[in-house]
Every structure is written in structure tokens, then in C-alpha cells.
Amino acid sequence: MIVLLTDFGFGEYVGVVKGVILTIDPDARIVDLCHDIRPQSIVEASWVLRNNFGYFPTGSTFCCVVDPGVGTDRRAIAVQTESYHFIAPDNGLLWETVSAQRVLAIRQIPVPEEASSTFHGRDVFAKTAARVNLGRFDELGPRIENIERFELHRMDRKGTVVRIDRFGNIVTNLPPLSQNEYHVRFDAHEQTVPYFRTYEEAPENALILITGSHNTLELSVKNADANALLHLAPGQTIVIA
């Protein structure tokens with residue numbers, strides 16, 4: 001199984017990536033994890049991969065393309081862990097996922113001279129994913145020892161906005177506490193925000209905190225878009241105490 005994670009949206013780029021995979025491996029099973037990562041947001045991609053890869057069958061190959069450095073000398077890599085394979089640009093996207101696993105091997109993927117300088121998803125990563133899915137990981141490029149390190153900052157109650165989902169919920173990497181309200185601070189903004197266990201309990205049109213599906217705090221507005229109110233972005237620092 002090949003699992004795709006990109007910032008491509010649902011335009012032709014995703015379709016072409018699938019076409020390349022199926023040309024090499026016509027029997028490949030391809031699953032879309034997410035294509036609405038904000039453009040170039042390594043923060044969001046890292047968070048989504050880290051929290052969701054474990055829901056897929058052992059042996060799955062994750063092809064992850066969020067690549068602001070496409071066409072530069074940044075490396076393309078493939079990582080083999082005990083249970084999965086991960087393919088991505090070496091820009092930190094994989095760090096939080098693979099650093100928590102036992103890594104068996106890392107290989108640098110050669111970038112052909114004829115590869116597009118703007119679409120390595122098609123010309124490098126899709127082809128590699130198909131080959132890995134066919135059991136050809138050891139035929140990739142030379143082994144390397146390390147990958148780019150990238151950590152989502154969290155220290156005490158100071159954390160990171162890691163995702164803005166399609167509902168406008170502002171997802172953080174801060175775990176909940178046992179309290180009914182929190183003091184929220186980011187940039188020059190400060191306010192007290194009530195906590196609710198479910199959306200049903202919350203009042204309409206009020207900013208609230210809720211525990212999301214990955215057991216971290218999210219700023220939300222019931223039946224509305226919280227980020228239209230607060231205008232935050234992935235990577236911003238936030239304090240919720």
C-alpha cells in the first residue's frame with residue numbers, strides 16, 4: 001500500500017503522481033492520507049504524518065511531498081523502519097515520525113538530471129514509492145546515516161500551532177489540563193477561553209477550547225471558523241495555561 005501526503009490540493013498533480021506509480025506498479029493500492037496541507041507547511045505535514053501513520057497496515061509506504069526546496073540541492077530520502085517505509089524531501093518532514101521508531105536503513109534517492117525542477121513529486125518521489133512498494137528499497141541510492149532534524153516546539157505550556165483544519169479549528173500540540181478555562185496568549189493577544197468536552201455543550205459563536213482527536217487542545221467555534229476570528233498559522237507559538 002502507498003499512502004500519499006502532499007500539499008498539492010486535488011488538482012492534476014495528485015492524479016499525475018498516481019499515474020506514475022501505477023505505470024511502474026499496476027497493482028499498487030494507493031490511499032490519500034491528506035492533500036490539503038497548507039502550501040509549503042512542513043509543520044502541518046509533520047504533524048499529520050506523525051499522528052496518523054500508525055493507523056495504516058504494517059508494510060505501508062508513505063510518499064510525503066511538501067517540498068519548498070524542490071529543485072535545490074536538498075536531499076531526497078527513503079527511510080525504512082521496522083514497520084513502514086517513508087519517502088520525502090529531507091527537510092525535516094519525517095523527523096518526528098521516524099525518530100520515535102526503530103530505523104533500519106536510510107537511503108538517499110538520486111535525482112535524475114531530467115527531473116523537473118518544480119515537480120519532484122512526479123519525477124522522483126512517485127517513482128521511488130512504486131519501487132519500494134515492489135520490494136526494491138535496497139536498490140535505491142547510497143545509505144546515509146542521518147536525516148534533517150525538525151521538532152515541533154513544546155515546553156511546559158508554551159507550544160505550537162500545528163494545523164488549521166478545514167473547519168477552521170486551530171490545532172495545537174499542547175495537552176489538556178483538568179480545568180474549565182484557560183488563559184490563551186499569542187503575539188499581543190491574550191484572553192481567557194472556556195473549555196468544553198464536546199461541541200454540543202458549547203454555546204453558539206463563542207471561542208472555546210476542546211480536546212481534539214490526537215489528545216491536544218484545539219481552539220474552536222461551534223459551527224463556525226475559529227481561525228477567521230484569530231488569524232493564526234501553523235508554526236506560530238502559543239501559550240495555553
# chains A, B, ... in the order shown; residues from 1 in each chain; ligands from 1

$ closest_atom_pairs --of "range 116-167 of chain A" --to "range 180-197 of chain A" --cutoff "12 Å" --atoms "only C-alpha atoms" --output "JSON lines"
{"residue": "A:Arg157", "atom": "CA", "partner": "A:Val184", "partner_atom": "CA", "distance": 10.0}
{"residue": "A:Lys158", "atom": "CA", "partner": "A:Arg185", "partner_atom": "CA", "distance": 9.3}
{"residue": "A:Gly159", "atom": "CA", "partner": "A:Phe186", "partner_atom": "CA", "distance": 10.2}
{"residue": "A:Thr160", "atom": "CA", "partner": "A:Phe186", "partner_atom": "CA", "distance": 10.0}
{"residue": "A:Val161", "atom": "CA", "partner": "A:Phe186", "partner_atom": "CA", "distance": 10.0}

$ write_last_selection --atoms "N, CA and C atoms" --output "CSV table (one decimal), in the first residue's frame"
chain,number,residue,atom,x,y,z
A,157,ARG,N,3.8,24.9,29.1
A,157,ARG,CA,2.5,25.3,28.5
A,157,ARG,C,2.7,26.2,27.2
A,158,LYS,N,3.9,26.3,26.7
A,158,LYS,CA,4.2,27.0,25.5
A,158,LYS,C,4.4,26.0,24.4
A,159,GLY,N,3.6,26.1,23.4
A,159,GLY,CA,3.6,25.1,22.3
A,159,GLY,C,3.5,25.8,20.9
A,160,THR,N,3.0,25.0,20.0
A,160,THR,CA,3.0,25.4,18.6
A,160,THR,C,1.6,25.1,18.0
A,161,VAL,N,1.2,26.1,17.2
A,161,VAL,CA,0.0,25.8,16.3
A,161,VAL,C,0.5,24.9,15.2

$ closest_atom_pairs --of "range 91-131 of chain A" --to "range 51-68 of chain A" --cutoff "9 Å" --atoms "only C-alpha atoms" --output "tab-separated table"
residue	atom	partner	partner_atom	distance
A:Asn91	CA	A:Asp67	CA	7.6
A:Leu93	CA	A:Val66	CA	7.8
A:Leu94	CA	A:Cys64	CA	8.5
A:Thr97	CA	A:Asn51	CA	8.2
A:His120	CA	A:Val65	CA	8.3
A:Gly121	CA	A:Val65	CA	6.1
A:Phe125	CA	A:Cys63	CA	6.7
A:Ala126	CA	A:Cys63	CA	7.1
A:Thr128	CA	A:Cys63	CA	8.6
A:Ala129	CA	A:Cys63	CA	6.1
A:Ala130	CA	A:Thr61	CA	8.9

$ write_last_selection --atoms "N, CA and C atoms" --output "compact mmCIF listing (two decimals), in the first residue's frame"
# COMPACT_ATOMS: atom_id res chain seq x y z
N ASN A 91 13.75 17.60 4.54
CA ASN A 91 13.57 18.96 5.04
C ASN A 91 13.00 18.98 6.46
N LEU A 93 10.47 16.99 7.49
CA LEU A 93 9.11 16.47 7.49
C LEU A 93 9.01 15.13 8.21
N LEU A 94 10.01 14.27 8.04
CA LEU A 94 9.93 12.91 8.58
C LEU A 94 10.43 12.80 10.02
N THR A 97 8.23 11.64 13.05
CA THR A 97 7.67 10.31 12.82
C THR A 97 8.71 9.22 12.98
N HIS A 120 9.27 17.30 -8.29
CA HIS A 120 9.91 16.05 -7.88
C HIS A 120 8.89 15.04 -7.38
N GLY A 121 7.70 15.50 -7.01
CA GLY A 121 6.65 14.56 -6.65
C GLY A 121 6.38 13.57 -7.75
N PHE A 125 9.72 11.21 -6.32
CA PHE A 125 9.11 10.54 -5.19
C PHE A 125 8.07 9.50 -5.60
N ALA A 126 7.26 9.77 -6.62
CA ALA A 126 6.28 8.78 -7.06
C ALA A 126 6.97 7.53 -7.58
N THR A 128 9.94 6.45 -6.82
CA THR A 128 10.56 5.75 -5.69
C THR A 128 9.54 4.98 -4.89
N ALA A 129 8.39 5.59 -4.64
CA ALA A 129 7.34 4.90 -3.87
C ALA A 129 6.91 3.61 -4.56
N ALA A 130 6.76 3.66 -5.88
CA ALA A 130 6.37 2.45 -6.62
C ALA A 130 7.44 1.37 -6.50

$ closest_residue --among "A:Val111, A:Ala224, A:Leu134, A:Val103" --to "Ile24 in chain A" --atoms "only C-alpha atoms"
A:Leu134

$ atom_distance --atom1 "CA of Pro142 in chain A" --atom2 "CA of Gly92 in chain A"
19.4 Å

$ residues_around --residues "Leu209 in chain A" --least-positions-apart "2" --cutoff "12 Å" --atoms "only C-alpha atoms" --output "ChimeraX atom specification"
/A:169-172,174-177,179-184,191-199,201-203,206-207,211-212,216-222,226,240-241

$ atom_distance --atom1 "CA of Gly71 in chain A" --atom2 "CA of Val14 in chain A"
18.7 Å

$ closest_residue --among "A:Ser117, A:Ile21, A:Glu200, A:Arg166" --to "Asp73 in chain A" --atoms "only C-alpha atoms"
A:Ser117

$ select_by_dssp --residues "range 107-140 of chain A" --states "alpha helix (DSSP H)" --output "ChimeraX atom specification"
/A:120,126-133

$ write_last_selection --atoms "N, CA and C atoms" --output "PDB file, in the first residue's frame"
ATOM      1  N   HIS A 120       9.272  17.297  -8.294  1.00  0.00           N
ATOM      2  CA  HIS A 120       9.912  16.052  -7.881  1.00  0.00           C
ATOM      3  C   HIS A 120       8.892  15.036  -7.383  1.00  0.00           C
ATOM      4  N   ALA A 126       7.256   9.767  -6.619  1.00  0.00           N
ATOM      5  CA  ALA A 126       6.276   8.778  -7.061  1.00  0.00           C
ATOM      6  C   ALA A 126       6.972   7.527  -7.585  1.00  0.00           C
ATOM      7  N   LYS A 127       8.011   7.706  -8.370  1.00  0.00           N
ATOM      8  CA  LYS A 127       8.744   6.557  -8.913  1.00  0.00           C
ATOM      9  C   LYS A 127       9.387   5.744  -7.793  1.00  0.00           C
ATOM     10  N   THR A 128       9.939   6.446  -6.818  1.00  0.00           N
ATOM     11  CA  THR A 128      10.564   5.753  -5.694  1.00  0.00           C
ATOM     12  C   THR A 128       9.540   4.983  -4.889  1.00  0.00           C
ATOM     13  N   ALA A 129       8.385   5.587  -4.643  1.00  0.00           N
ATOM     14  CA  ALA A 129       7.341   4.901  -3.875  1.00  0.00           C
ATOM     15  C   ALA A 129       6.913   3.614  -4.560  1.00  0.00           C
ATOM     16  N   ALA A 130       6.763   3.655  -5.880  1.00  0.00           N
ATOM     17  CA  ALA A 130       6.373   2.452  -6.618  1.00  0.00           C
ATOM     18  C   ALA A 130       7.441   1.369  -6.501  1.00  0.00           C
ATOM     19  N   ARG A 131       8.699   1.747  -6.590  1.00  0.00           N
ATOM     20  CA  ARG A 131       9.785   0.756  -6.491  1.00  0.00           C
ATOM     21  C   ARG A 131       9.856   0.152  -5.098  1.00  0.00           C
ATOM     22  N   VAL A 132       9.681   0.999  -4.093  1.00  0.00           N
ATOM     23  CA  VAL A 132       9.699   0.481  -2.718  1.00  0.00           C
ATOM     24  C   VAL A 132       8.519  -0.458  -2.499  1.00  0.00           C
ATOM     25  N   ASN A 133       7.365  -0.116  -3.035  1.00  0.00           N
ATOM     26  CA  ASN A 133       6.181  -0.963  -2.905  1.00  0.00           C
ATOM     27  C   ASN A 133       6.390  -2.316  -3.562  1.00  0.00           C
TER      28      ASN A 133
END

$ atom_distance --atom1 "CA of Ala115 in chain A" --atom2 "CA of Ser83 in chain A"
29.9 Å

$ select_by_dssp --residues "range 7-234 of chain A" --states "strand (DSSP E or B)" --output "ChimeraX atom specification"
/A:30-34,61-65,76-81,85-89,103-109,143,155,158-164,170-172,181-186,189-195,207-211,217-221,224

$ closest_residue --among "A:Arg107, A:Glu151, A:Glu12, A:Leu232" --to "Ile87 in chain A" --atoms "only C-alpha atoms"
A:Arg107

$ closest_residue --among "A:Asn173, A:Val16, A:Phe10, A:Leu5" --to "Val31 in chain A" --atoms "only C-alpha atoms"
A:Leu5

$ decode --residues "range 112-151 of chain A" --atoms "N, CA and C atoms" --output "PDB file, in the first residue's frame"
ATOM      1  N   PRO A 112      17.304  12.416 -10.977  1.00  0.00           N
ATOM      2  CA  PRO A 112      17.767  12.398 -12.371  1.00  0.00           C
ATOM      3  C   PRO A 112      17.934  13.809 -12.945  1.00  0.00           C
ATOM      4  N   GLU A 113      18.884  13.963 -13.836  1.00  0.00           N
ATOM      5  CA  GLU A 113      19.108  15.278 -14.452  1.00  0.00           C
ATOM      6  C   GLU A 113      17.868  15.783 -15.168  1.00  0.00           C
ATOM      7  N   GLU A 114      17.097  14.857 -15.713  1.00  0.00           N
ATOM      8  CA  GLU A 114      15.916  15.264 -16.483  1.00  0.00           C
ATOM      9  C   GLU A 114      14.705  15.560 -15.612  1.00  0.00           C
ATOM     10  N   ALA A 115      14.832  15.395 -14.307  1.00  0.00           N
ATOM     11  CA  ALA A 115      13.691  15.657 -13.416  1.00  0.00           C
ATOM     12  C   ALA A 115      13.321  17.133 -13.459  1.00  0.00           C
ATOM     13  N   SER A 116      12.029  17.405 -13.452  1.00  0.00           N
ATOM     14  CA  SER A 116      11.558  18.787 -13.396  1.00  0.00           C
ATOM     15  C   SER A 116      12.085  19.464 -12.141  1.00  0.00           C
ATOM     16  N   SER A 117      12.455  20.720 -12.259  1.00  0.00           N
ATOM     17  CA  SER A 117      12.942  21.454 -11.090  1.00  0.00           C
ATOM     18  C   SER A 117      11.811  21.922 -10.185  1.00  0.00           C
ATOM     19  N   THR A 118      10.555  21.670 -10.598  1.00  0.00           N
ATOM     20  CA  THR A 118       9.404  22.091  -9.797  1.00  0.00           C
ATOM     21  C   THR A 118       8.477  20.942  -9.416  1.00  0.00           C
ATOM     22  N   PHE A 119       8.743  19.721  -9.898  1.00  0.00           N
ATOM     23  CA  PHE A 119       7.790  18.635  -9.665  1.00  0.00           C
ATOM     24  C   PHE A 119       8.514  17.319  -9.376  1.00  0.00           C
ATOM     25  N   HIS A 120       9.272  17.297  -8.294  1.00  0.00           N
ATOM     26  CA  HIS A 120       9.912  16.052  -7.881  1.00  0.00           C
ATOM     27  C   HIS A 120       8.892  15.036  -7.383  1.00  0.00           C
ATOM     28  N   GLY A 121       7.698  15.505  -7.010  1.00  0.00           N
ATOM     29  CA  GLY A 121       6.647  14.565  -6.647  1.00  0.00           C
ATOM     30  C   GLY A 121       6.384  13.569  -7.751  1.00  0.00           C
ATOM     31  N   ARG A 122       6.384  14.037  -8.974  1.00  0.00           N
ATOM     32  CA  ARG A 122       6.163  13.177 -10.138  1.00  0.00           C
ATOM     33  C   ARG A 122       7.421  12.425 -10.548  1.00  0.00           C
ATOM     34  N   ASP A 123       8.538  13.144 -10.636  1.00  0.00           N
ATOM     35  CA  ASP A 123       9.731  12.605 -11.285  1.00  0.00           C
ATOM     36  C   ASP A 123      10.690  11.887 -10.342  1.00  0.00           C
ATOM     37  N   VAL A 124      10.515  12.055  -9.039  1.00  0.00           N
ATOM     38  CA  VAL A 124      11.410  11.415  -8.066  1.00  0.00           C
ATOM     39  C   VAL A 124      10.617  10.578  -7.057  1.00  0.00           C
ATOM     40  N   PHE A 125       9.724  11.209  -6.318  1.00  0.00           N
ATOM     41  CA  PHE A 125       9.105  10.536  -5.188  1.00  0.00           C
ATOM     42  C   PHE A 125       8.071   9.495  -5.599  1.00  0.00           C
ATOM     43  N   ALA A 126       7.256   9.767  -6.619  1.00  0.00           N
ATOM     44  CA  ALA A 126       6.276   8.778  -7.061  1.00  0.00           C
ATOM     45  C   ALA A 126       6.972   7.527  -7.585  1.00  0.00           C
ATOM     46  N   LYS A 127       8.011   7.706  -8.370  1.00  0.00           N
ATOM     47  CA  LYS A 127       8.744   6.557  -8.913  1.00  0.00           C
ATOM     48  C   LYS A 127       9.387   5.744  -7.793  1.00  0.00           C
ATOM     49  N   THR A 128       9.939   6.446  -6.818  1.00  0.00           N
ATOM     50  CA  THR A 128      10.564   5.753  -5.694  1.00  0.00           C
ATOM     51  C   THR A 128       9.540   4.983  -4.889  1.00  0.00           C
ATOM     52  N   ALA A 129       8.385   5.587  -4.643  1.00  0.00           N
ATOM     53  CA  ALA A 129       7.341   4.901  -3.875  1.00  0.00           C
ATOM     54  C   ALA A 129       6.913   3.614  -4.560  1.00  0.00           C
ATOM     55  N   ALA A 130       6.763   3.655  -5.880  1.00  0.00           N
ATOM     56  CA  ALA A 130       6.373   2.452  -6.618  1.00  0.00           C
ATOM     57  C   ALA A 130       7.441   1.369  -6.501  1.00  0.00           C
ATOM     58  N   ARG A 131       8.699   1.747  -6.590  1.00  0.00           N
ATOM     59  CA  ARG A 131       9.785   0.756  -6.491  1.00  0.00           C
ATOM     60  C   ARG A 131       9.856   0.152  -5.098  1.00  0.00           C
ATOM     61  N   VAL A 132       9.681   0.999  -4.093  1.00  0.00           N
ATOM     62  CA  VAL A 132       9.699   0.481  -2.718  1.00  0.00           C
ATOM     63  C   VAL A 132       8.519  -0.458  -2.499  1.00  0.00           C
ATOM     64  N   ASN A 133       7.365  -0.116  -3.035  1.00  0.00           N
ATOM     65  CA  ASN A 133       6.181  -0.963  -2.905  1.00  0.00           C
ATOM     66  C   ASN A 133       6.390  -2.316  -3.562  1.00  0.00           C
ATOM     67  N   LEU A 134       7.268  -2.364  -4.563  1.00  0.00           N
ATOM     68  CA  LEU A 134       7.601  -3.617  -5.245  1.00  0.00           C
ATOM     69  C   LEU A 134       8.730  -4.379  -4.550  1.00  0.00           C
ATOM     70  N   GLY A 135       9.191  -3.860  -3.405  1.00  0.00           N
ATOM     71  CA  GLY A 135      10.223  -4.554  -2.643  1.00  0.00           C
ATOM     72  C   GLY A 135      11.631  -4.223  -3.053  1.00  0.00           C
ATOM     73  N   ARG A 136      11.830  -3.050  -3.669  1.00  0.00           N
ATOM     74  CA  ARG A 136      13.150  -2.707  -4.211  1.00  0.00           C
ATOM     75  C   ARG A 136      13.839  -1.589  -3.421  1.00  0.00           C
ATOM     76  N   PHE A 137      13.562  -1.513  -2.139  1.00  0.00           N
ATOM     77  CA  PHE A 137      14.177  -0.470  -1.316  1.00  0.00           C
ATOM     78  C   PHE A 137      15.701  -0.530  -1.383  1.00  0.00           C
ATOM     79  N   ASP A 138      16.274  -1.714  -1.334  1.00  0.00           N
ATOM     80  CA  ASP A 138      17.736  -1.856  -1.309  1.00  0.00           C
ATOM     81  C   ASP A 138      18.389  -1.464  -2.626  1.00  0.00           C
ATOM     82  N   GLU A 139      17.588  -1.247  -3.671  1.00  0.00           N
ATOM     83  CA  GLU A 139      18.132  -0.837  -4.965  1.00  0.00           C
ATOM     84  C   GLU A 139      18.165   0.680  -5.124  1.00  0.00           C
ATOM     85  N   LEU A 140      17.684   1.389  -4.105  1.00  0.00           N
ATOM     86  CA  LEU A 140      17.713   2.849  -4.185  1.00  0.00           C
ATOM     87  C   LEU A 140      19.146   3.336  -4.040  1.00  0.00           C
ATOM     88  N   GLY A 141      19.329   4.604  -3.771  1.00  0.00           N
ATOM     89  CA  GLY A 141      20.664   5.201  -3.718  1.00  0.00           C
ATOM     90  C   GLY A 141      21.469   4.771  -2.506  1.00  0.00           C
ATOM     91  N   PRO A 142      22.584   5.434  -2.267  1.00  0.00           N
ATOM     92  CA  PRO A 142      23.507   5.050  -1.193  1.00  0.00           C
ATOM     93  C   PRO A 142      22.893   5.227   0.188  1.00  0.00           C
ATOM     94  N   ARG A 143      23.366   4.400   1.119  1.00  0.00           N
ATOM     95  CA  ARG A 143      22.916   4.534   2.505  1.00  0.00           C
ATOM     96  C   ARG A 143      23.517   5.781   3.123  1.00  0.00           C
ATOM     97  N   ILE A 144      22.730   6.461   3.942  1.00  0.00           N
ATOM     98  CA  ILE A 144      23.201   7.609   4.703  1.00  0.00           C
ATOM     99  C   ILE A 144      22.827   7.378   6.166  1.00  0.00           C
ATOM    100  N   GLU A 145      23.381   8.173   7.060  1.00  0.00           N
ATOM    101  CA  GLU A 145      23.215   7.909   8.486  1.00  0.00           C
ATOM    102  C   GLU A 145      22.184   8.799   9.166  1.00  0.00           C
ATOM    103  N   ASN A 146      21.964   9.995   8.652  1.00  0.00           N
ATOM    104  CA  ASN A 146      21.124  10.954   9.367  1.00  0.00           C
ATOM    105  C   ASN A 146      20.146  11.644   8.430  1.00  0.00           C
ATOM    106  N   ILE A 147      19.073  12.167   9.024  1.00  0.00           N
ATOM    107  CA  ILE A 147      18.142  12.994   8.270  1.00  0.00           C
ATOM    108  C   ILE A 147      18.012  14.342   8.967  1.00  0.00           C
ATOM    109  N   GLU A 148      17.426  15.286   8.262  1.00  0.00           N
ATOM    110  CA  GLU A 148      17.243  16.631   8.804  1.00  0.00           C
ATOM    111  C   GLU A 148      16.334  16.581  10.026  1.00  0.00           C
ATOM    112  N   ARG A 149      16.764  17.254  11.085  1.00  0.00           N
ATOM    113  CA  ARG A 149      16.009  17.273  12.331  1.00  0.00           C
ATOM    114  C   ARG A 149      15.056  18.469  12.351  1.00  0.00           C
ATOM    115  N   PHE A 150      13.808  18.216  12.764  1.00  0.00           N
ATOM    116  CA  PHE A 150      12.819  19.285  12.872  1.00  0.00           C
ATOM    117  C   PHE A 150      11.825  18.903  13.961  1.00  0.00           C
ATOM    118  N   GLU A 151      11.793  19.670  15.043  1.00  0.00           N
ATOM    119  CA  GLU A 151      10.918  19.366  16.161  1.00  0.00           C
ATOM    120  C   GLU A 151       9.838  20.432  16.312  1.00  0.00           C
TER     121      GLU A 151
END
